[in-house]
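Only one structure is covered here, and it is reproduced in the block below.
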Amino acid sequence: MTNVPVQGAQVVSRIAGLLRLVGRSAEGLPLSALVRESGLTRPTVHRLLTSLASEGLLDHDAGSGNWVLGPEMLLMGSVAAARFPLEDFARPSLRRLAEATGESAFFSIRRGSETVCLLREEGSFPVRSFVLHEGVRFPLGVASAGTAIMAFLPEAEQEELLTGWAGHAGAFATAHTEELVRANLAQTRLLGYSVNPGLVLEGSWGMGAAVFDASGRPAWALSLTGIEPRFKPERQEELGGLLMAEAHRITQQLSGDGKGSRPR
């Protein structure tokens, strides 16, 4: 066995990384941002982007100069969606949450050590927080969805992330100190829902509740975001109750037996 990276595997990893970066938003990213965030050289990034565009996986928007997801990604996503009918389960809950609270509601999935926002439903309150949208990724333990999921992972998995917290959280580590994250995780386990008091962006608050798979592991999360005055302590219990009720509803649907439950 050898520890030398396999050339082909390295290329795949780089391509996957670029696709994830471009897929963070419908507007995509310019070449300069992709070079900066990927850590690759400009010629390498340009060569990979051009190759992906020739296969229809990416497009270059002549108007903005950004690289955006291409039509082949839409086709593959449509096929993959048939295996993961989360829209059918999550969308009704998002609509109920948005209508009942007036806040923006989101559904996120765990992908390894990150959460990725999949779905959004806007609330009626005219002032909104724009921190979260489809495609946005956060490290586990950061933001309300990531905190809700991480809080109910086995202790050993939590400690693995917390041991290397600064590297895991990256740019978010300054506001999300290890001590504060540990306290947030403990509070989330106690209440059943998480509260993010403007740690990602000052004045932008969020709350989340985990959704569990058939084996009882936290795999998704529902969350609400908005401005700080909308998340006063006296309202948090109400919002937390609504989140947990909808999260439990989705957990039951995903379990397939109507007996979904949260681990204790």
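Convention: chains lettered A, B, ... in structure tokens order; per-chain residue numbering from 1; ligands numbered from 1 as shown.
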
Please build the interface table for range 68-138 of chain A against range 208-229 of chain A with a cut-off of 7 Å, listing for each qualifying residue the nearest atom pair and the distance in Å to one decimal; count only C-alpha atoms, order rows by chain and increasing number, and write it as CSV.
residue,atom,partner,partner_atom,distance
A:Glu103,CA,A:Gly226,CA,6.0
A:Ser104,CA,A:Leu224,CA,5.6
A:Ala105,CA,A:Leu224,CA,4.6
A:Phe106,CA,A:Ser223,CA,5.2
A:Phe107,CA,A:Leu222,CA,4.7
A:Ser108,CA,A:Ala221,CA,5.2
A:Ile109,CA,A:Trp220,CA,4.3
A:Arg110,CA,A:Ala219,CA,5.3
A:Arg128,CA,A:Gly226,CA,5.4
A:Ser129,CA,A:Gly226,CA,5.0

Just write the chosen residues, N, CA and C atoms, as an mmCIF file, in the first residue's frame.
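Wrote selection-v4.cif, looks like this:
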data_model
loop_
_atom_site.group_PDB
_atom_site.id
_atom_site.type_symbol
_atom_site.label_atom_id
_atom_site.label_comp_id
_atom_site.auth_asym_id
_atom_site.auth_seq_id
_atom_site.Cartn_x
_atom_site.Cartn_y
_atom_site.Cartn_z
ATOM 1 N N GLU A 103 -41.484 33.874 9.422
ATOM 2 C CA GLU A 103 -40.040 33.830 9.158
ATOM 3 C C GLU A 103 -39.740 32.936 7.953
ATOM 4 N N SER A 104 -38.512 33.013 7.462
ATOM 5 C CA SER A 104 -38.077 32.146 6.373
ATOM 6 C C SER A 104 -37.720 30.779 6.947
ATOM 7 N N ALA A 105 -38.198 29.727 6.293
ATOM 8 C CA ALA A 105 -37.985 28.357 6.767
ATOM 9 C C ALA A 105 -37.096 27.601 5.789
ATOM 10 N N PHE A 106 -36.252 26.710 6.330
ATOM 11 C CA PHE A 106 -35.260 26.015 5.509
ATOM 12 C C PHE A 106 -35.179 24.543 5.892
ATOM 13 N N PHE A 107 -34.757 23.740 4.915
ATOM 14 C CA PHE A 107 -34.508 22.317 5.141
ATOM 15 C C PHE A 107 -33.088 22.026 4.678
ATOM 16 N N SER A 108 -32.276 21.498 5.585
ATOM 17 C CA SER A 108 -30.865 21.223 5.298
ATOM 18 C C SER A 108 -30.561 19.755 5.497
ATOM 19 N N ILE A 109 -29.539 19.288 4.794
ATOM 20 C CA ILE A 109 -29.115 17.897 4.889
ATOM 21 C C ILE A 109 -27.686 17.837 5.404
ATOM 22 N N ARG A 110 -27.372 16.767 6.135
ATOM 23 C CA ARG A 110 -25.985 16.553 6.541
ATOM 24 C C ARG A 110 -25.230 15.872 5.407
ATOM 25 N N ARG A 128 -35.951 40.418 6.208
ATOM 26 C CA ARG A 128 -35.446 39.049 6.245
ATOM 27 C C ARG A 128 -33.940 39.009 6.426
ATOM 28 N N SER A 129 -33.478 37.836 6.808
ATOM 29 C CA SER A 129 -32.049 37.551 6.849
ATOM 30 C C SER A 129 -31.694 36.768 5.593
#

Query - Non-local contacts of Leu29 in chain A (12 Å; only C-alpha atoms; under 4 positions in same chain excluded) as a list in words - result: Leu18, Leu19, Arg20, Leu21, Val22, Gly23, Arg24, Ser25, Ala33, Leu34, Val35, Arg36, Glu37, Ser38, Leu49, Leu58, Asp59, His60, Asp61, Ser64, Gly65, Asn66, Trp67, Val68 and Leu69 of chain A

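Nearest-residue note for Glu238 in chain A: choosing from A:Leu75, A:Leu118, A:Leu191, A:Ala143, the minimum distance belongs to A:Leu191, counting only C-alpha atoms.
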
Requested in this report: Find the distance between CA of Gly56 in chain A and CA of Arg91 in chain A and write it in Å to one decimal.
Outcome: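 CA of Gly56 in chain A sits 29.1 Å away from CA of Arg91 in chain A.
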
Query - Which of range 6-242 of chain A DSSP labels strand (DSSP E or B), written as an NGL selection string - result: :A and (29-30 or 58-60 or 66-69 or 104-111 or 114-121 or 137-139 or 194-201 or 204-212 or 218-227)

Query raised in the report: Do you have the CA of Gly203 in chain A-CA of Gly141 in chain A distance handy?
Result: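 Computed distance, CA of Gly203 in chain A to CA of Gly141 in chain A, equals 18.8 Å.
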
Requested in this report: Per DSSP on the backbone, filter range 2-249 of chain A down to the residues in helix (DSSP H, G or I) and report them as a PyMOL selection string.
Outcome: chain A and resi 7-22+31-38+42-54+71-81+86-101+143-151+155-163+165-173+178-191+228-231+233-249

As a compact mmCIF listing (two decimals) with N, CA, C and O atoms, in the first residue's frame, please: the residues near Leu242 in chain A (cut-off 9 Å, only C-alpha atoms, same-chain neighbours under 6 positions excluded).
# COMPACT_ATOMS: atom_id res chain seq x y z
N LEU A 97 -44.44 26.19 8.60
CA LEU A 97 -43.59 26.99 9.48
C LEU A 97 -43.56 28.45 9.04
O LEU A 97 -43.65 29.37 9.86
N ALA A 100 -46.98 30.06 9.78
CA ALA A 100 -47.28 30.21 11.20
C ALA A 100 -46.40 31.26 11.88
O ALA A 100 -46.83 31.91 12.84
N THR A 101 -45.17 31.45 11.39
CA THR A 101 -44.21 32.33 12.07
C THR A 101 -43.93 33.63 11.33
O THR A 101 -43.51 34.60 11.94
